Each structure stands twice: as C-alpha cells, then as structure tokens.
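**Q** So here's work_3.cif (mmCIF, C-alpha atoms).
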```cif
data_structure
#
loop_
_atom_site.label_atom_id
_atom_site.label_comp_id
_atom_site.auth_asym_id
_atom_site.auth_seq_id
_atom_site.Cartn_x
_atom_site.Cartn_y
_atom_site.Cartn_z
CA MET A 1 -16.92 -6.06 24.48
CA PRO A 2 -16.48 -9.06 22.15
CA GLU A 3 -13.41 -8.94 19.92
CA ALA A 4 -15.39 -8.56 16.69
CA ALA A 5 -17.55 -5.79 18.16
CA SER A 6 -14.42 -4.03 19.43
CA ALA A 7 -12.88 -4.16 15.95
CA GLN A 8 -16.07 -2.77 14.44
CA ALA A 9 -16.10 0.06 16.98
CA ALA A 10 -12.49 0.88 16.13
CA ARG A 11 -13.36 0.96 12.43
CA ALA A 12 -16.27 3.29 13.15
CA THR A 13 -13.90 5.90 14.63
CA ILE A 14 -11.70 5.86 11.53
CA GLY A 15 -12.75 8.38 8.90
CA ASP A 16 -11.38 11.76 9.89
CA SER A 17 -7.85 11.17 8.62
CA GLU A 18 -6.24 12.49 5.47
CA PHE A 19 -5.92 8.93 4.16
CA ASP A 20 -9.64 8.30 4.57
CA ARG A 21 -10.64 11.57 2.93
CA ASP A 22 -8.25 11.11 0.01
CA THR A 23 -9.27 7.50 -0.71
CA ALA A 24 -13.01 8.12 -0.29
CA VAL A 25 -15.07 7.16 -3.35
CA THR A 26 -18.56 8.43 -4.19
CA ARG A 27 -21.00 5.87 -5.55
CA ARG A 28 -22.57 7.24 -8.72
CA GLU A 29 -24.55 4.07 -9.35
CA ALA A 30 -24.14 0.37 -8.65
CA GLY A 31 -20.58 -0.59 -9.52
CA VAL A 32 -19.48 2.93 -10.53
CA TYR A 33 -17.55 5.27 -8.21
CA ASP A 34 -16.09 8.75 -8.63
CA ILE A 35 -12.98 10.11 -6.93
CA ASP A 36 -10.61 13.05 -7.23
CA LEU A 37 -7.11 11.58 -6.87
CA ASN A 38 -5.17 13.83 -4.53
CA VAL A 39 -1.82 15.35 -5.48
CA GLY A 40 -0.68 14.89 -1.88
CA TRP A 41 0.12 11.21 -2.55
CA THR A 42 2.68 11.75 -5.30
CA ILE A 43 6.30 10.63 -5.46
CA GLN A 44 8.36 12.59 -7.96
CA ASN A 45 5.07 13.73 -9.58
CA ALA A 46 3.71 10.15 -9.89
CA LEU A 47 0.83 8.94 -7.73
CA ASN A 48 1.95 6.24 -5.31
CA GLY A 49 0.84 2.74 -6.31
CA GLY A 50 -0.19 1.80 -2.78
CA TYR A 51 -2.42 4.86 -2.51
CA LEU A 52 -4.08 3.96 -5.81
CA LEU A 53 -4.55 0.35 -4.68
CA ALA A 54 -6.24 1.60 -1.49
CA VAL A 55 -8.66 3.65 -3.62
CA LEU A 56 -9.71 0.59 -5.60
CA GLY A 57 -9.71 -1.48 -2.42
CA ARG A 58 -12.18 0.92 -0.83
CA ALA A 59 -14.51 0.73 -3.83
CA LEU A 60 -14.44 -3.08 -3.72
CA ALA A 61 -15.17 -3.03 0.02
CA ASP A 62 -18.37 -1.16 -0.80
CA ALA A 63 -19.29 -3.30 -3.79
CA LEU A 64 -18.72 -6.72 -2.17
CA PRO A 65 -20.62 -8.24 0.77
CA HIS A 66 -17.33 -8.67 2.68
CA ALA A 67 -15.35 -5.63 3.83
CA ASP A 68 -11.77 -6.86 4.35
CA PRO A 69 -9.23 -7.44 1.55
CA PHE A 70 -7.62 -10.88 1.86
CA SER A 71 -5.76 -11.02 -1.45
CA ILE A 72 -5.61 -8.25 -4.02
CA SER A 73 -3.58 -8.14 -7.23
CA ALA A 74 -3.18 -5.03 -9.36
CA HIS A 75 -1.73 -4.48 -12.81
CA TYR A 76 -0.66 -0.88 -13.43
CA LEU A 77 -1.42 -0.29 -17.10
CA THR A 78 -0.81 3.46 -17.58
CA ALA A 79 0.42 6.23 -15.29
CA SER A 80 -2.31 7.74 -13.11
CA ARG A 81 -2.28 11.47 -12.44
CA PRO A 82 -3.92 13.67 -9.81
CA GLY A 83 -7.45 14.68 -10.69
CA PRO A 84 -10.82 13.10 -11.50
CA ALA A 85 -11.07 9.34 -11.96
CA VAL A 86 -13.75 6.67 -12.19
CA VAL A 87 -13.63 3.22 -10.58
CA ARG A 88 -15.79 0.49 -12.06
CA THR A 89 -16.33 -2.73 -10.11
CA ASP A 90 -17.74 -6.15 -10.95
CA VAL A 91 -18.82 -8.81 -8.47
CA ILE A 92 -17.52 -12.14 -9.76
CA ARG A 93 -18.57 -14.46 -6.96
CA THR A 94 -20.01 -14.22 -3.48
CA GLY A 95 -19.70 -16.93 -0.86
CA ARG A 96 -20.04 -17.42 2.87
CA ARG A 97 -16.32 -16.98 3.63
CA LEU A 98 -14.99 -15.12 0.59
CA SER A 99 -16.24 -12.84 -2.14
CA THR A 100 -14.32 -12.10 -5.32
CA GLY A 101 -14.50 -9.00 -7.43
CA GLN A 102 -12.59 -6.97 -9.94
CA ALA A 103 -12.16 -3.22 -10.35
CA SER A 104 -10.59 -0.85 -12.84
CA LEU A 105 -9.63 2.79 -12.52
CA PHE A 106 -10.13 5.09 -15.52
CA GLN A 107 -9.13 8.65 -16.36
CA ARG A 108 -9.65 10.78 -19.45
CA ASP A 109 -6.69 11.69 -21.63
CA GLU A 110 -6.04 15.01 -23.39
CA GLU A 111 -8.46 14.06 -26.17
CA GLY A 112 -11.20 13.25 -23.67
CA GLN A 113 -10.95 9.49 -24.25
CA GLU A 114 -11.28 7.20 -21.25
CA VAL A 115 -8.05 5.33 -20.48
CA GLU A 116 -7.75 2.38 -18.10
CA ARG A 117 -5.01 3.01 -15.54
CA ILE A 118 -5.19 0.01 -13.19
CA ARG A 119 -7.00 -3.33 -13.16
CA VAL A 120 -7.49 -5.29 -9.93
CA LEU A 121 -8.70 -8.78 -9.01
CA ALA A 122 -9.38 -9.37 -5.32
CA SER A 123 -10.86 -11.73 -2.74
CA TYR A 124 -12.50 -10.22 0.35
CA GLY A 125 -13.63 -11.77 3.62
CA ASP A 126 -14.02 -11.08 7.34
CA LEU A 127 -10.69 -10.97 9.17
CA ASP A 128 -12.47 -11.12 12.53
CA ALA A 129 -13.91 -14.53 11.63
CA LEU A 130 -10.52 -16.18 11.11
CA PRO A 131 -9.30 -18.73 13.69
CA ASP A 132 -6.58 -17.46 16.00
CA ASP A 133 -4.07 -20.13 15.03
CA VAL A 134 -0.53 -19.06 14.04
CA ARG A 135 2.22 -21.49 13.05
CA THR A 136 5.08 -19.65 11.43
CA THR A 137 8.82 -19.52 11.02
CA ALA A 138 8.67 -15.84 10.04
CA GLU A 139 10.32 -13.42 12.46
CA PRO A 140 9.75 -9.68 12.88
CA PRO A 141 12.53 -7.46 11.55
CA ALA A 142 15.22 -6.23 13.94
CA ILE A 143 14.88 -2.47 13.51
CA PRO A 144 16.61 -0.07 15.95
CA PRO A 145 14.40 2.01 18.26
CA MET A 146 12.68 4.95 16.58
CA ASP A 147 15.01 7.51 18.16
CA GLN A 148 17.92 5.78 16.42
CA CYS A 149 16.23 5.79 13.00
CA PHE A 150 15.78 8.58 10.49
CA GLY A 151 12.93 9.93 8.38
CA PRO A 152 12.50 12.56 5.65
CA GLN A 153 12.02 15.25 8.28
CA ASP A 154 15.51 14.55 9.65
CA ALA A 155 17.25 15.37 6.36
CA PRO A 156 18.72 18.90 6.05
CA ASP A 157 17.64 18.96 2.40
CA ARG A 158 15.11 17.06 0.36
CA VAL A 159 16.58 13.75 -0.73
CA ALA A 160 15.98 11.65 -3.83
CA GLY A 161 12.55 10.02 -3.77
CA ARG A 162 10.98 12.49 -1.35
CA SER A 163 7.84 14.21 -2.57
CA ALA A 164 4.43 15.27 -1.31
CA ILE A 165 3.64 11.83 0.11
CA ALA A 166 6.48 12.18 2.62
CA ASP A 167 4.43 14.77 4.52
CA ARG A 168 1.55 12.30 4.93
CA LEU A 169 3.58 9.40 6.26
CA PHE A 170 5.51 8.73 9.44
CA LEU A 171 8.69 6.95 8.37
CA LYS A 172 11.72 6.13 10.51
CA LEU A 173 14.17 4.14 8.43
CA ASP A 174 16.80 1.74 9.71
CA PRO A 175 20.16 3.56 9.32
CA SER A 176 21.74 0.40 7.88
CA THR A 177 19.42 0.76 4.84
CA LEU A 178 20.00 4.49 4.36
CA GLY A 179 23.38 4.53 2.64
CA TRP A 180 21.71 5.75 -0.56
CA ALA A 181 20.63 8.97 1.17
CA VAL A 182 24.27 9.99 1.79
CA GLY A 183 25.66 8.78 -1.51
CA ALA A 184 26.95 5.44 -0.21
CA PRO A 185 24.43 2.70 -1.07
CA SER A 186 25.24 -0.68 0.45
CA GLY A 187 24.54 -2.65 -2.73
CA LYS A 188 22.00 -4.78 -0.84
CA GLY A 189 18.37 -4.70 -1.90
CA GLU A 190 16.99 -4.02 1.57
CA MET A 191 14.80 -1.36 3.15
CA ARG A 192 13.45 -1.41 6.71
CA SER A 193 11.38 1.17 8.52
CA TRP A 194 8.90 2.05 11.22
CA PHE A 195 5.70 3.18 9.53
CA GLY A 196 2.54 5.08 10.31
CA LEU A 197 0.31 7.82 8.98
CA ALA A 198 1.47 11.32 9.89
CA ASP A 199 -1.89 12.30 11.40
CA GLY A 200 -1.74 9.40 13.87
CA ARG A 201 -4.48 7.25 12.33
CA ASP A 202 -4.01 3.62 13.34
CA ALA A 203 -3.55 1.04 10.64
CA ASP A 204 -6.43 -1.05 9.30
CA PRO A 205 -6.61 -3.60 6.46
CA LEU A 206 -7.15 -0.91 3.84
CA SER A 207 -4.16 1.20 4.90
CA LEU A 208 -1.96 -1.92 4.70
CA LEU A 209 -2.43 -1.70 0.92
CA LEU A 210 -0.62 1.64 1.13
CA ALA A 211 1.97 0.49 3.65
CA VAL A 212 3.49 -2.23 1.45
CA ASP A 213 4.39 0.38 -1.20
CA ALA A 214 5.27 3.36 0.99
CA LEU A 215 9.01 2.96 1.60
CA PRO A 216 11.76 4.24 -0.71
CA PRO A 217 12.53 1.73 -3.47
CA THR A 218 15.10 -0.96 -2.71
CA ALA A 219 16.68 0.09 -6.02
CA PHE A 220 18.11 3.12 -4.20
CA GLU A 221 20.19 0.90 -1.92
CA ILE A 222 21.29 -1.16 -4.92
CA GLY A 223 22.79 2.04 -6.30
CA LEU A 224 20.11 3.16 -8.76
CA SER A 225 18.11 6.36 -8.69
CA GLY A 226 14.98 7.74 -10.27
CA TRP A 227 11.42 6.54 -10.63
CA VAL A 228 10.75 2.82 -10.12
CA PRO A 229 7.21 2.33 -11.50
CA THR A 230 5.18 -0.66 -10.36
CA VAL A 231 4.12 -3.12 -13.04
CA GLU A 232 2.21 -5.57 -10.81
CA LEU A 233 1.52 -5.67 -7.07
CA THR A 234 -0.09 -8.46 -5.05
CA VAL A 235 -0.93 -7.99 -1.37
CA HIS A 236 -2.05 -10.60 1.16
CA VAL A 237 -3.66 -9.21 4.31
CA ARG A 238 -3.24 -11.79 7.07
CA CYS A 239 -4.98 -10.20 10.06
CA ARG A 240 -6.28 -6.91 11.42
CA PRO A 241 -3.32 -4.90 12.75
CA ALA A 242 -3.15 -3.92 16.41
CA PRO A 243 -2.95 -0.20 17.25
CA GLY A 244 0.50 1.32 17.17
CA PRO A 245 3.32 1.75 14.67
CA LEU A 246 4.05 -0.88 12.06
CA ARG A 247 7.42 -2.25 11.00
CA ILE A 248 8.05 -2.91 7.33
CA THR A 249 10.86 -4.81 5.65
CA ILE A 250 11.31 -4.92 1.88
CA THR A 251 13.88 -7.00 0.03
CA THR A 252 14.99 -7.46 -3.56
CA ARG A 253 17.04 -10.50 -4.54
CA ASN A 254 17.10 -10.21 -8.30
CA LEU A 255 17.41 -7.29 -10.69
CA ALA A 256 17.56 -8.48 -14.30
CA GLY A 257 16.53 -7.14 -17.69
CA GLY A 258 15.47 -3.80 -16.22
CA PHE A 259 12.98 -5.31 -13.73
CA LEU A 260 13.18 -6.21 -10.05
CA GLU A 261 10.91 -7.79 -7.46
CA GLU A 262 10.18 -6.31 -4.05
CA ASP A 263 8.97 -8.62 -1.27
CA ALA A 264 7.44 -6.81 1.69
CA GLU A 265 6.40 -7.92 5.16
CA VAL A 266 4.39 -5.73 7.53
CA TRP A 267 4.46 -6.40 11.28
CA ASP A 268 2.28 -4.80 13.92
CA SER A 269 3.02 -3.72 17.48
CA THR A 270 2.28 -7.23 18.83
CA ASP A 271 4.88 -8.87 16.55
CA ARG A 272 2.15 -10.25 14.29
CA LEU A 273 2.75 -10.54 10.55
CA VAL A 274 -0.26 -8.63 9.24
CA ALA A 275 0.49 -8.27 5.52
CA GLN A 276 2.79 -9.61 2.83
CA SER A 277 3.28 -8.46 -0.74
CA ARG A 278 5.31 -8.94 -3.87
CA GLN A 279 5.59 -6.48 -6.70
CA LEU A 280 7.35 -6.39 -10.03
CA ALA A 281 8.83 -2.99 -10.80
CA SER A 282 10.63 -1.44 -13.74
CA VAL A 283 13.95 0.35 -13.21
CA ARG A 284 15.71 2.91 -15.32
CA LEU A 285 19.23 1.63 -16.09
CA GLY A 286 22.09 3.73 -17.37
#
```
Could you spell out this file's structure in structure tokens?

**A**
Amino acid sequence: MPEAASAQAARATIGDSEFDRDTAVTRREAGVYDIDLNVGWTIQNALNGGYLLAVLGRALADALPHADPFSISAHYLTASRPGPAVVRTDVIRTGRRLSTGQASLFQRDEEGQEVERIRVLASYGDLDALPDDVRTTAEPPAIPPMDQCFGPQDAPDRVAGRSAIADRLFLKLDPSTLGWAVGAPSGKGEMRSWFGLADGRDADPLSLLLAVDALPPTAFEIGLSGWVPTVELTVHVRCRPAPGPLRITITTRNLAGGFLEEDAEVWDSTDRLVAQSRQLASVRLG
C-alpha cells in the first residue's frame, strides 16, 4: 500500500477514542459548528488549552480543503468552561499547498451574551505530500525507560496539578523533573515525559495540538504552584507521527513580570521531531 494511502487508512480507523468523541464538532451550517466541551479535560477546574486548540483545529480541518494543521496560533481571551460552545470559522485563502483560515470559540455568559473565548489563525496542508528530507541539529530527549518514570497513577495521593484530564492521558514523567511532586523542585524550568492517550489511540496531527500542552507546567519545577493559564500558544506540526508513544520535552528559560514562555518538542517512536510549540503563560506570584 502506498505511504499516503496507508496514512489515510490509519486515519480512517481513528474515531472511537475518547479524544475523538470529545473534540467532535457538529456542523450547523457552513462555517458554524456546535460542541459540548467535556469536563473530562479539565485541570484544576479549567479546560486544558491543548484540548480546546484541538477542538478548533478539528473545525478548521472540516472547513478548509486541507486536513492537516501545519501552523496554528491561538490567543486565549477568556476562560472556557465545560458545556455548550460554538466555533465559527472563516476561510482566508486556499492554495495548492496551503490553506489559511481562522476560527473563534464562543460561549454564553450568565446574562446569555455570547463571549469569545479563543481566536485562532492557522495554515493547513497535506503532511503526506511533504518531501522526506530532514536536516536537523535537534536531538530527541534522553528520557529513562517507562518503567523508571512515574505518572499520576503512581502517586499515593493526588498531587498538585492533577485533575480529570490525568485519567485521559498516559504520562510517565522523567524523575529528574519531578522534584515538585515531593516538595523539592529543582529550580530548573524543565519537564520531560512519555506521552500517549490512556485509551491507546495512536497520535495524529490533531492530537499533537493536545500533546504540546498536556504536561504539568514547568512553573512547578521552578518552585511555583497553582494555575498557569495560557495567554498565547503557537504549534508547528512537522510530520505525521509514527505509531507508538511520544516523548515530550518542555523548557522555560525566562520568567519575568509574571509571565513565562514554554518551548515544547514532541518526538515520535522513530526519533522524528513531529511537533514544536511555544506558549506564553501567566503565573501567579506570591
């Protein structure tokens, strides 16, 4: 089977997982989609930013002639909550290699007024059409084997940052980035982990939008605690991930003025760099 056809067949089998059900949007009319945001993707009662980005990413994949996100940038305007939401999309440009669109997610407030929660600008294409030419100095992270790493299920008690989303993810964190969990943060802005979906669904370009924002915040290892809301998140999807667990590394080099950046790399089971991201996040100081 040709490579592209094989990838399409693999995509056709994806759809029964919790992630697919909970990011599924229903087209009401051209450019308008309905969804019920699921409480199962919350962290400390806030919906995960990567989950929300995947919801908008799925709507854009339907609205645009290309199916794969190449570059997607989101600004988180107000806090989203579980429950009904509407995604509105606009096609900005369509081309042979890339299509560009924008999308916004809206919810109604207590007075019944529609409030914009997130606004996204994205370019989509066909990852299977890219040339297989890699020239890089990037190296996959050195993470210990899974049986030497630890996840939320290994903790005797719930730890800071664990919420409903922890039951939907497979995380095995590098012990050298887990000092925060035992009250001894290293002071380094680093987090490394094996990653997958708890129901065994293999990664695809859409789930990479979740993966880049799925680890505990690097702020924990710097010595801070509490919610670290995303202000802006940009993700570059570089290729379709191979089946198997992913490895994710996130670093922060600068915390200043109550904001920090998080740079993420996602590597697949063949040591291929499949996604990169940078986000600006707000931290609660004092």

**Q** Looking at A:Ala214, A:Ile222, A:Leu53, A:Val32, which one is nearest to Glu190 of chain A, with distances taken over all atoms listed in the file?

**A**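 Residue with the minimum atom-to-atom distance to Glu190 of chain A: A:Ile222.
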
**Q** With a distance cut-off of 7 Å and only C-alpha atoms, select the neighbouring residues of Thr100 of chain A, excluding the residue or stretch itself and same-chain residues fewer than 2 positions from it, and output the selection as a list of chain:residue names.

**A**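 Here the answer would be A:Val91, A:Ile92, A:Arg93, A:Thr94, A:Leu98, A:Ala122, A:Ser123, A:Tyr124.
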
**Q** Which polymer residues have any atom within 8 Å of an atom of Phe195 of chain A, counting only C-alpha atoms, with same-chain residues fewer than 3 positions away left out, as a ChimeraX atom specification?

**A** /A:169-172,211,245-248

**Q** Pull the neighbourhood of (19.1, -8.8, -3.3) for me: all residues within 10 Å in file coordinates, counting all atoms listed in the file, as a VMD selection string.

**A** chain A and resid 187 to 190 218 to 219 221 to 222 251 to 255 260 to 262

**Q** Calculate how many Å separate atom CA of Asp271 of chain A from atom CA of Asp204 of chain A, rounding to one decimal.

**A**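 For atom CA of Asp271 of chain A relative to atom CA of Asp204 of chain A, the distance reads 15.5 Å.
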
**Q** Hey, what's within 10 Å of Val283 of chain A if we count only C-alpha atoms and toss same-chain stuff fewer than 5 positions away? As a ChimeraX atom specification, please?

**A** /A:217,219,224-230,255-260

**Q** Just how far from atom CA of Asp154 of chain A is atom CA of Leu173 of chain A, in Å to one decimal?

**A** 10.6 Å

**Q** Given the choices A:Pro131, A:Gly244, A:Pro175, A:Gly57, which gets closest to Pro145 of chain A if the distance is worked out from only C-alpha atoms?

**A**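 Looking only at the distances to Pro145 of chain A, the closest residue turns out to be A:Pro175.
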
**Q** Using only C-alpha atoms, find the one residue out of A:Pro152, A:Gly31, A:Gly183, A:Gly40 that sits nearest to Gln102 of chain A.

**A** A:Gly31

**Q** Could you check which residues have any atom within 12 Å of (-14.4, -17.0, 6.5), counting all atoms listed in the file with coordinates taken straight from the file, and then list them as a VMD selection string?

**A** chain A and resid 66 to 70 94 to 99 123 to 131

**Q** Atom CA of Ala85 of chain A to atom CA of Asp167 of chain A: how many Å, to one decimal?

**A** 23.3 Å

**Q** Quick one: everything within 10 Å of Asp62 of chain A, counting all atoms listed in the file, minus sequence neighbours fewer than 6 positions away in the same chain. Send it as a list in words.

**A** Val25, Arg27, Ala30, Gly31, Tyr33 and Thr89 of chain A

**Q** Between A:Asp147, A:Glu232, A:Glu139, A:Glu116, single out the one closest to Glu265 of chain A, counting all atoms listed in the file.

**A**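 Counting all atoms listed in the file, the residue closest to Glu265 of chain A is A:Glu139.
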
**Q** Select, from A:Leu280, A:Arg238, A:Asn45, A:Arg28, the residue with the minimum atom-to-atom distance to Asp133 of chain A, counting all atoms listed in the file.

**A**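 Result for the nearest residue to Asp133 of chain A: A:Arg238.
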